[in-house]
>>> print(open('final16.csv').read())   # CSV, C-alpha atoms
chain,number,residue,atom,x,y,z
S,2,MET,CA,64.9,165.0,93.3
S,3,ASP,CA,63.4,163.8,96.6
S,4,LYS,CA,63.3,160.2,95.3
S,5,GLY,CA,66.9,160.5,94.2
S,6,ARG,CA,68.0,161.7,97.7
S,7,GLU,CA,66.1,158.8,99.3
S,8,LYS,CA,67.9,156.3,97.1
S,9,THR,CA,71.2,157.8,98.0
S,10,LYS,CA,70.4,157.6,101.7
S,11,ILE,CA,69.3,154.0,101.4
S,12,TRP,CA,72.5,153.2,99.5
S,13,GLN,CA,74.7,154.9,102.2
S,14,ALA,CA,72.8,153.0,104.9
S,15,ASP,CA,73.5,149.7,103.1
S,16,GLN,CA,77.1,150.7,102.9
S,17,ASP,CA,77.2,151.4,106.6
S,18,VAL,CA,75.7,148.0,107.4
S,19,ASP,CA,78.3,146.3,105.1
S,20,ILE,CA,81.2,148.0,106.8
S,21,GLU,CA,79.8,147.1,110.2
S,22,ASP,CA,79.4,143.5,109.1
S,23,LEU,CA,82.9,143.5,107.8
S,24,THR,CA,84.4,144.7,111.1
S,25,PHE,CA,82.4,142.0,112.8
S,26,ILE,CA,83.5,139.2,110.4
S,27,ILE,CA,87.2,140.0,110.2
S,28,PRO,CA,88.0,139.1,113.8
S,29,ILE,CA,86.1,135.8,113.4
S,30,ILE,CA,88.1,135.0,110.3
S,31,ILE,CA,91.4,135.8,112.0
S,32,SER,CA,90.3,133.7,115.0
S,33,VAL,CA,89.5,130.7,112.8
S,34,VAL,CA,92.8,131.0,111.0
S,35,LEU,CA,94.8,131.2,114.2
S,36,LEU,CA,92.9,128.3,115.7
S,37,PHE,CA,93.5,126.2,112.5
S,38,VAL,CA,97.3,127.1,112.7
S,39,PHE,CA,97.4,126.2,116.4
S,40,LEU,CA,95.7,122.8,115.9
S,41,LEU,CA,97.8,122.1,112.8
S,42,ARG,CA,100.9,122.9,114.8
S,43,LYS,CA,99.8,120.6,117.6
S,44,TYR,CA,99.2,117.8,115.1
S,45,ILE,CA,102.5,118.1,113.3
S,46,ARG,CA,104.5,118.5,116.5
S,47,TRP,CA,102.8,115.6,118.3
S,48,THR,CA,105.7,113.4,119.5
S,49,VAL,CA,106.1,110.2,121.5
S,50,GLN,CA,109.2,110.5,123.7
S,51,CYS,CA,111.5,107.5,123.7
S,52,PRO,CA,110.0,105.1,126.2
S,53,SER,CA,113.2,103.2,126.9
S,54,ASN,CA,115.7,104.2,129.6
S,55,ASN,CA,118.4,101.8,128.4
S,56,ARG,CA,122.0,103.1,128.4
S,57,LEU,CA,124.7,102.5,125.8
S,58,ASP,CA,127.7,102.3,128.0
S,59,GLY,CA,130.6,100.6,126.1
S,60,LYS,CA,128.8,101.0,122.7
S,61,THR,CA,130.1,103.0,119.8
S,62,VAL,CA,127.7,105.0,117.6
S,63,LEU,CA,128.4,106.6,114.3
S,64,ILE,CA,126.0,109.4,113.1
S,65,THR,CA,126.2,111.1,109.7
S,66,GLY,CA,125.3,114.8,109.5
S,67,ALA,CA,125.7,115.1,113.2
S,68,ASN,CA,126.7,118.8,113.4
S,69,THR,CA,123.2,120.1,113.1
S,70,GLY,CA,119.5,119.3,113.3
S,71,ILE,CA,118.3,115.8,114.0
S,72,GLY,CA,121.9,114.4,113.9
S,73,LYS,CA,123.1,116.8,116.6
S,74,ALA,CA,120.0,116.1,118.8
S,75,THR,CA,120.5,112.4,118.4
S,76,ALA,CA,124.2,112.6,119.3
S,77,THR,CA,123.4,114.5,122.4
S,78,GLU,CA,120.7,112.1,123.6
S,79,LEU,CA,122.9,109.0,123.0
S,80,ALA,CA,125.9,110.7,124.7
S,81,LYS,CA,123.7,111.2,127.7
S,82,ARG,CA,123.2,107.5,127.8
S,83,GLY,CA,126.9,106.8,127.9
S,84,ALA,CA,127.6,105.9,124.3
S,85,LYS,CA,130.9,106.7,122.5
S,86,VAL,CA,129.6,108.9,119.7
S,87,ILE,CA,131.3,109.6,116.4
S,88,LEU,CA,130.1,112.7,114.6
S,89,ALA,CA,130.6,112.3,110.8
S,90,CYS,CA,130.4,115.8,109.4
S,91,ARG,CA,131.1,117.4,106.0
S,92,ASP,CA,132.3,120.6,107.9
S,93,ARG,CA,135.0,119.4,110.3
S,94,LYS,CA,135.2,122.7,112.1
S,95,LYS,CA,131.5,122.7,112.9
S,96,GLY,CA,131.8,119.1,113.9
S,97,ASP,CA,134.6,119.8,116.3
S,98,ALA,CA,132.6,122.7,117.8
S,99,VAL,CA,129.5,120.5,118.3
S,100,ALA,CA,131.6,117.7,119.8
S,101,ARG,CA,133.0,120.1,122.4
S,102,LEU,CA,129.5,121.4,123.1
S,103,ILE,CA,128.1,117.9,123.6
S,104,LYS,CA,131.0,116.9,125.9
S,105,ILE,CA,130.2,119.9,128.2
S,106,LYS,CA,126.4,119.3,128.1
S,107,THR,CA,126.5,115.6,128.8
S,108,ASN,CA,129.8,115.2,130.8
S,109,ASN,CA,130.7,112.5,128.3
S,110,ASP,CA,134.3,112.8,127.0
S,111,GLU,CA,133.8,110.1,124.4
S,112,ILE,CA,132.6,112.4,121.6
S,113,TYR,CA,134.7,112.7,118.5
S,114,SER,CA,134.4,114.4,115.1
S,115,TYR,CA,135.5,113.0,111.8
S,116,HIS,CA,135.4,114.5,108.3
S,117,LEU,CA,133.0,112.8,105.9
S,118,ASP,CA,131.7,114.1,102.6
S,119,LEU,CA,129.0,111.8,101.3
S,120,SER,CA,129.1,113.4,97.9
S,121,SER,CA,132.5,111.9,97.2
S,122,LEU,CA,133.1,108.1,97.1
S,123,VAL,CA,136.9,108.7,97.5
S,124,THR,CA,136.3,110.7,100.7
S,125,ILE,CA,133.9,108.0,102.0
S,126,LYS,CA,136.6,105.3,101.5
S,127,GLU,CA,139.2,107.5,103.2
S,128,PHE,CA,136.8,108.0,106.1
S,129,VAL,CA,136.2,104.3,106.5
S,130,ASP,CA,139.9,103.5,106.4
S,131,ASP,CA,140.5,106.2,109.1
S,132,PHE,CA,137.6,105.1,111.2
S,133,THR,CA,138.4,101.3,111.1
S,134,ALA,CA,142.1,102.1,111.9
S,135,ARG,CA,141.2,104.1,115.0
S,136,GLU,CA,137.9,102.6,116.2
S,137,PRO,CA,137.8,98.9,117.0
S,138,PHE,CA,134.0,98.7,117.4
S,139,LEU,CA,130.8,99.9,115.7
S,140,HIS,CA,127.6,98.9,117.3
S,141,ILE,CA,125.1,101.4,115.8
S,142,LEU,CA,125.3,103.3,112.5
S,143,ILE,CA,122.7,106.1,112.0
S,144,ASN,CA,122.5,107.2,108.4
S,145,ASN,CA,121.0,110.7,109.0
S,146,ALA,CA,122.6,113.2,106.7
S,147,ALA,CA,120.5,114.7,103.9
S,148,CYS,CA,120.4,117.5,101.4
S,149,MET,CA,117.8,119.2,99.2
S,150,GLY,CA,118.5,121.9,96.6
S,151,PRO,CA,119.0,123.0,93.0
S,152,LYS,CA,120.3,120.5,90.5
S,153,ALA,CA,123.9,119.6,91.0
S,154,THR,CA,126.2,116.6,90.8
S,155,THR,CA,128.5,114.8,93.2
S,156,GLU,CA,132.3,114.6,92.6
S,157,ASP,CA,131.6,111.3,90.9
S,158,GLY,CA,129.1,112.8,88.5
S,159,TYR,CA,125.8,111.5,90.1
S,160,GLU,CA,122.7,113.6,90.8
S,161,ARG,CA,123.6,115.2,94.1
S,162,THR,CA,120.4,114.6,96.2
S,163,PHE,CA,120.4,110.9,95.2
S,164,GLY,CA,124.2,110.7,95.7
S,165,VAL,CA,124.3,112.3,99.2
S,166,ASN,CA,121.0,111.1,100.7
S,167,TYR,CA,121.2,107.5,99.4
S,168,LEU,CA,124.3,106.4,97.4
S,169,GLY,CA,126.8,107.8,99.9
S,170,HIS,CA,125.1,106.1,102.8
S,171,PHE,CA,124.9,102.8,100.8
S,172,TYR,CA,128.6,102.9,100.1
S,173,LEU,CA,129.4,103.9,103.7
S,174,THR,CA,127.3,101.1,105.1
S,175,TYR,CA,128.7,98.5,102.7
S,176,LEU,CA,132.3,99.4,103.5
S,177,LEU,CA,131.5,99.2,107.3
S,178,GLN,CA,129.7,95.9,107.1
S,179,HIS,CA,132.6,93.8,108.4
S,180,ARG,CA,132.9,96.0,111.5
S,181,LEU,CA,129.1,95.9,112.0
S,182,LYS,CA,129.1,92.1,111.7
S,183,LYS,CA,132.0,91.8,114.1
S,184,CYS,CA,130.0,93.8,116.7
S,185,ALA,CA,126.7,91.9,116.1
S,186,PRO,CA,124.0,92.2,117.0
S,187,SER,CA,124.5,95.7,115.6
S,188,ARG,CA,122.0,98.2,114.3
S,189,VAL,CA,121.7,100.4,111.2
S,190,ILE,CA,119.1,103.2,111.4
S,191,ASN,CA,118.2,104.8,108.1
S,192,VAL,CA,116.4,108.1,108.4
S,193,ILE,CA,113.6,108.1,105.8
S,194,SER,CA,110.6,110.2,105.0
S,195,ASP,CA,107.0,109.4,104.2
S,196,THR,CA,107.5,111.4,101.0
S,197,TYR,CA,108.8,108.2,99.5
S,198,GLU,CA,105.2,107.4,98.7
S,199,LYS,CA,105.2,110.1,96.0
S,200,ALA,CA,108.4,109.0,94.4
S,201,THR,CA,109.3,107.1,91.2
S,202,LEU,CA,112.6,105.3,90.6
S,203,ASN,CA,113.6,105.1,86.9
S,204,PHE,CA,116.8,103.2,86.5
S,205,GLU,CA,117.0,104.5,82.9
S,206,ASP,CA,117.1,108.1,84.1
S,207,MET,CA,119.4,108.1,87.2
S,208,ALA,CA,120.6,111.6,86.2
S,209,MET,CA,117.0,112.9,86.5
S,210,LEU,CA,117.2,114.9,83.3
S,211,LYS,CA,113.9,116.7,84.1
S,212,TYR,CA,115.0,117.8,87.5
S,213,ASP,CA,112.6,118.8,90.3
S,214,ILE,CA,113.9,119.6,93.8
S,215,TYR,CA,111.0,117.8,95.6
S,216,LYS,CA,111.0,114.8,93.2
S,217,ALA,CA,114.7,114.4,93.6
S,218,TYR,CA,114.3,114.3,97.4
S,219,THR,CA,111.4,111.8,97.4
S,220,ARG,CA,113.4,109.6,95.0
S,221,SER,CA,116.4,109.5,97.4
S,222,LYS,CA,114.1,108.6,100.3
S,223,LEU,CA,112.4,105.8,98.4
S,224,ALA,CA,115.9,104.5,97.7
S,225,MET,CA,116.6,104.6,101.4
S,226,VAL,CA,113.4,102.6,102.1
S,227,LEU,CA,114.3,100.0,99.5
S,228,PHE,CA,117.9,99.8,100.9
S,229,THR,CA,116.5,99.1,104.4
S,230,VAL,CA,114.4,96.2,103.1
S,231,GLU,CA,117.1,94.7,100.9
S,232,ALA,CA,119.9,95.0,103.4
S,233,THR,CA,117.7,93.3,106.0
S,234,ARG,CA,117.1,90.5,103.5
S,235,ARG,CA,120.8,90.1,102.8
S,236,TRP,CA,122.4,90.7,106.2
S,237,MET,CA,119.9,89.5,108.8
S,238,SER,CA,121.9,86.2,109.1
S,239,SER,CA,124.9,88.2,110.3
S,240,GLN,CA,122.7,89.9,112.9
S,241,VAL,CA,123.0,93.4,111.4
S,242,LEU,CA,119.6,94.8,112.1
S,243,PHE,CA,118.2,97.6,109.9
S,244,TYR,CA,115.4,100.0,110.7
S,245,GLY,CA,113.8,102.9,108.9
S,246,VAL,CA,112.7,105.9,110.9
S,247,HIS,CA,110.4,108.7,109.7
S,248,PRO,CA,111.0,111.5,112.2
S,249,GLY,CA,108.1,113.6,111.0
S,250,MET,CA,108.2,117.2,109.9
S,251,VAL,CA,111.2,118.6,111.7
S,252,CYS,CA,112.7,122.2,111.7
S,253,THR,CA,116.2,121.6,110.4
S,254,ASP,CA,118.6,123.2,107.8
S,255,LEU,CA,117.3,120.9,105.1
S,256,LEU,CA,115.4,123.7,103.3
S,257,ARG,CA,118.2,126.2,103.4
S,258,ASN,CA,119.2,125.5,99.8
S,259,TRP,CA,115.7,125.7,98.4
S,260,PRO,CA,116.0,128.8,96.1
S,261,GLY,CA,113.9,131.9,95.8
S,262,VAL,CA,110.9,133.1,97.7
S,263,THR,CA,109.5,129.6,98.0
S,264,GLY,CA,112.5,128.5,100.0
S,265,ASN,CA,112.1,131.5,102.4
S,266,VAL,CA,108.4,130.8,102.9
S,267,LEU,CA,109.1,127.1,103.6
S,268,GLN,CA,111.8,127.9,106.1
S,269,ALA,CA,109.4,130.4,107.9
S,270,ILE,CA,106.7,127.8,108.0
S,271,SER,CA,109.0,125.1,109.3
S,272,ARG,CA,110.1,127.4,112.2
S,273,ILE,CA,106.4,128.0,113.2
S,274,LEU,CA,104.9,124.5,112.6
S,275,PHE,CA,107.5,121.8,112.6
S,276,LYS,CA,108.9,119.7,115.4
S,277,SER,CA,112.1,120.6,117.1
S,278,PRO,CA,115.2,118.4,116.4
S,279,GLU,CA,115.0,117.2,120.0
S,280,ASP,CA,111.5,115.8,119.4
S,281,GLY,CA,112.3,114.6,116.0
S,282,CYS,CA,115.1,112.4,117.2
S,283,GLN,CA,113.1,110.4,119.7
S,284,THR,CA,112.2,107.4,117.4
S,285,ILE,CA,115.8,107.2,116.3
S,286,VAL,CA,117.0,107.0,119.9
S,287,TYR,CA,114.3,104.4,120.5
S,288,CYS,CA,115.6,102.2,117.7
S,289,ALA,CA,119.1,102.6,119.0
S,290,VAL,CA,118.5,101.6,122.6
S,291,ALA,CA,115.3,99.6,123.0
S,292,ASN,CA,115.6,95.8,123.5
S,293,GLU,CA,112.1,95.0,122.2
S,294,ILE,CA,112.9,96.6,118.8
S,295,ARG,CA,115.2,93.7,117.9
S,296,ALA,CA,112.2,91.7,116.6
S,297,GLN,CA,111.2,94.5,114.3
S,298,ALA,CA,114.3,94.4,112.1
S,299,GLY,CA,113.5,95.6,108.5
S,300,LYS,CA,110.5,97.5,109.7
S,301,PHE,CA,109.7,101.3,109.6
S,302,LEU,CA,108.8,103.4,112.6
S,303,GLU,CA,107.3,106.8,113.4
S,304,ASN,CA,106.7,108.1,116.9
S,305,CYS,CA,108.2,105.0,118.4
S,306,GLN,CA,105.6,102.8,116.7
S,307,LEU,CA,105.5,100.7,113.5
S,308,MET,CA,104.3,102.6,110.5
S,309,LYS,CA,102.4,101.2,107.5
S,310,VAL,CA,104.3,101.3,104.3
S,311,LYS,CA,103.1,101.4,100.7
S,312,LYS,CA,103.4,98.4,98.4
S,313,ILE,CA,106.3,100.0,96.6
S,314,ALA,CA,108.4,99.8,99.8
S,315,ARG,CA,108.1,96.0,99.6
S,316,ASP,CA,109.0,95.6,95.9
S,317,LYS,CA,111.6,92.9,96.1
S,318,ASP,CA,112.6,93.1,92.4
S,319,MET,CA,113.1,96.9,92.6
S,320,ALA,CA,115.0,96.6,95.9
S,321,ASN,CA,117.3,94.0,94.4
S,322,LYS,CA,117.8,96.0,91.2
S,323,LEU,CA,118.7,99.1,93.2
S,324,TRP,CA,121.2,97.1,95.2
S,325,GLU,CA,122.9,95.8,92.0
S,326,VAL,CA,122.8,99.3,90.4
S,327,SER,CA,124.3,100.8,93.6
S,328,LEU,CA,127.2,98.3,93.6
S,329,HIS,CA,127.9,99.3,90.0
S,330,LEU,CA,127.7,103.1,90.7
S,331,CYS,CA,130.1,102.6,93.7
S,332,LYS,CA,132.5,100.6,91.5
S,333,LEU,CA,132.0,97.5,93.8
S,334,PRO,CA,132.1,94.0,92.5
S,335,PRO,CA,128.7,92.4,91.8
S,336,GLU,CA,127.3,90.0,94.4
S,337,THR,CA,125.7,86.6,94.0
S,338,GLU,CA,123.1,85.2,96.4
S,339,THR,CA,125.8,83.1,98.0
S,340,ASP,CA,127.9,86.1,98.8
S,341,SER,CA,125.2,87.2,101.3
S,342,GLU,CA,122.8,84.8,102.9
S,343,VAL,CA,119.3,86.0,102.3
S,344,ILE,CA,116.7,85.8,105.0
S,345,ILE,CA,112.9,85.4,104.6
S,346,ASN,CA,110.7,85.4,107.7
S,347,GLY,CA,113.7,84.8,109.9
S,348,LYS,CA,115.0,81.9,107.9
S,349,PRO,CA,117.5,81.5,105.1
S,350,GLU,CA,115.8,82.0,101.7
S,351,ALA,CA,116.7,78.5,100.4
S,352,GLU,CA,115.1,77.0,103.6
S,353,ALA,CA,112.1,79.2,103.3
S,354,ASP,CA,111.6,78.4,99.7
S,355,GLY,CA,111.8,74.7,100.5
S,356,GLU,CA,109.1,75.1,103.1
S,357,GLU,CA,106.8,76.9,100.6
S,358,GLU,CA,107.4,74.1,98.0
S,359,GLY,CA,106.6,71.5,100.6
S,360,LYS,CA,103.3,73.2,101.4
S,361,LYS,CA,102.3,73.4,97.8
S,362,GLU,CA,103.0,69.6,97.3
S,363,LYS,CA,100.8,68.8,100.3
>>> encode(input="final16.csv", output="structure tokens")
Amino acid sequence: MDKGREKTKIWQADQDVDIEDLTFIIPIIISVVLLFVFLLRKYIRWTVQCPSNNRLDGKTVLITGANTGIGKATATELAKRGAKVILACRDRKKGDAVARLIKIKTNNDEIYSYHLDLSSLVTIKEFVDDFTAREPFLHILINNAACMGPKATTEDGYERTFGVNYLGHFYLTYLLQHRLKKCAPSRVINVISDTYEKATLNFEDMAMLKYDIYKAYTRSKLAMVLFTVEATRRWMSSQVLFYGVHPGMVCTDLLRNWPGVTGNVLQAISRILFKSPEDGCQTIVYCAVANEIRAQAGKFLENCQLMKVKKIARDKDMANKLWEVSLHLCKLPPETETDSEVIINGKPEAEADGEEEGKKEK
């Protein structure tokens, strides 16, 4: 009996030690977790503010998805610099409200709201007709609007994420090309994402039969990357300068349509860890105003610096194929190389090819 009691006391003593150890370890674990979250937040939110103080007086800027998030922040920043800013928004009432707010905040009365639904090719055409009838100039086009959500289709029957994030912007830019060329040197800034690295683009499955929210989004951003490269190749001779901007992880409304608990968790994380729209727009503003950026046409930037891109972003055949498919999906006539002078290394493609052949002969 005495031995049994001794064992019980020893066991209880061990238990007491374990509980004491636990109360000592828990604060350490919590501290480490909080430190990790703090450092991760600092890393994700690290931002380079636009280093250029250039103004845009007399310039007209068109921004898609400008009633919220990065688009709204960009519009505000450019309005401060004297630009005439056109907010192209799916929700006209919200667009009008934001336009009034920006006018008050910046003392710039040249802020206007237009209705634009990128999920409808007909609406895009109506917008362009209205815009070109009322606005004589377009110096900077910022293709910012984006969506992410459950499987759906556009009014034209295309997969919605691809249709809104890429195809709608392709069609809009294509229809505005004459206005952009008229105002050359003009700039087109495509908001991309580094998630394009994980994307695949299967031209035989444009409907994405096995739909996945994240894969649909990455595919649309890969398309925007390829669009930036191919448009530069085709329109550089007309001094329409394209740039791709990765704003980083920014707290916007992009995740609002992600269904279920996952969507709620992601939105909570974004509010804690991600950049503010005001920080996220800085590289876009830089591409819009900086003089030194002209030499970087066709490149991609993050935090106001050039970013490295994967090999898939420079796939000339895929970019050309996407352009042709996009023309078909938008019911536009096919192009030939003579329709749009192609530039390689700053020279017409025919001239560049001739130089290469000359080097080989030598």
>>> closest_atom_pairs(input="final16.csv", of="region 102-195 of chain S", to="region 248-251 of chain S", cutoff="9 Å", atoms="only C-alpha atoms", output="CSV")
residue,atom,partner,partner_atom,distance
S:Val192,CA,S:Pro248,CA,7.4
S:Ile193,CA,S:Pro248,CA,7.7
S:Ser194,CA,S:Pro248,CA,7.3
S:Asp195,CA,S:Gly249,CA,8.1
>>> residues_around(input="final16.csv", residues="Met149 (chain S)", least_positions_apart="4", cutoff="7 Å", atoms="all atoms listed in the file", output="list of chain:residue names")
S:Thr162, S:Ile214, S:Tyr218, S:Leu255, S:Leu256, S:Asn258, S:Trp259
>>> residues_near_point(input="final16.csv", point="(136.5, 117.6, 117.3)", cutoff="8 Å", atoms="only C-alpha atoms", output="JSON list (two decimals) with C-alpha atoms, in the coordinates of the input")
[["chain", "number", "residue", "atom", "x", "y", "z"],
["S", 93, "ARG", "CA", 135.00, 119.40, 110.30],
["S", 94, "LYS", "CA", 135.20, 122.70, 112.10],
["S", 96, "GLY", "CA", 131.80, 119.10, 113.90],
["S", 97, "ASP", "CA", 134.60, 119.80, 116.30],
["S", 98, "ALA", "CA", 132.60, 122.70, 117.80],
["S", 99, "VAL", "CA", 129.50, 120.50, 118.30],
["S", 100, "ALA", "CA", 131.60, 117.70, 119.80],
["S", 101, "ARG", "CA", 133.00, 120.10, 122.40],
["S", 112, "ILE", "CA", 132.60, 112.40, 121.60],
["S", 113, "TYR", "CA", 134.70, 112.70, 118.50],
["S", 114, "SER", "CA", 134.40, 114.40, 115.10],
["S", 115, "TYR", "CA", 135.50, 113.00, 111.80]]
>>> atom_distance(input="final16.csv", atom1="CA of Val286 (chain S)", atom2="CA of Arg315 (chain S)")
24.7 Å
>>> residues_around(input="final16.csv", residues="region 170-180 of chain S", least_positions_apart="4", cutoff="7 Å", atoms="only C-alpha atoms", output="ChimeraX atom specification")
/S:125,129,138-139,144,166,184,331
>>> closest_residue(input="final16.csv", among="S:Arg234, S:Lys182, S:Arg295, S:Arg161", to="Ala147 (chain S)", atoms="all atoms listed in the file")
S:Arg161
>>> residues_around(input="final16.csv", residues="Tyr287 (chain S)", least_positions_apart="6", cutoff="9 Å", atoms="only C-alpha atoms", output="compact mmCIF listing (two decimals) with C-alpha atoms, in the coordinates of the input")
# COMPACT_ATOMS: atom_id res chain seq x y z
CA GLN S 50 109.20 110.50 123.70
CA CYS S 51 111.50 107.50 123.70
CA PRO S 52 110.00 105.10 126.20
CA SER S 53 113.20 103.20 126.90
CA ILE S 294 112.90 96.60 118.80
CA CYS S 305 108.20 105.00 118.40
>>> closest_residue(input="final16.csv", among="S:Thr107, S:Ala289, S:Gly281, S:Asp316", to="Arg56 (chain S)", atoms="all atoms listed in the file")
S:Ala289
>>> atom_distance(input="final16.csv", atom1="CA of Thr69 (chain S)", atom2="CA of Arg91 (chain S)")
11.0 Å
>>> atom_distance(input="final16.csv", atom1="CA of Met308 (chain S)", atom2="CA of Thr284 (chain S)")
11.5 Å
>>> closest_residue(input="final16.csv", among="S:Val246, S:Ile141, S:Leu302, S:Ala74", to="Ser277 (chain S)", atoms="all atoms listed in the file")
S:Ala74
>>> residues_near_point(input="final16.csv", point="(124.2, 119.3, 111.3)", cutoff="10 Å", atoms="only C-alpha atoms", output="PyMOL selection string")
chain S and resi 65-74+88-92+95-96+99+145-147+253-255
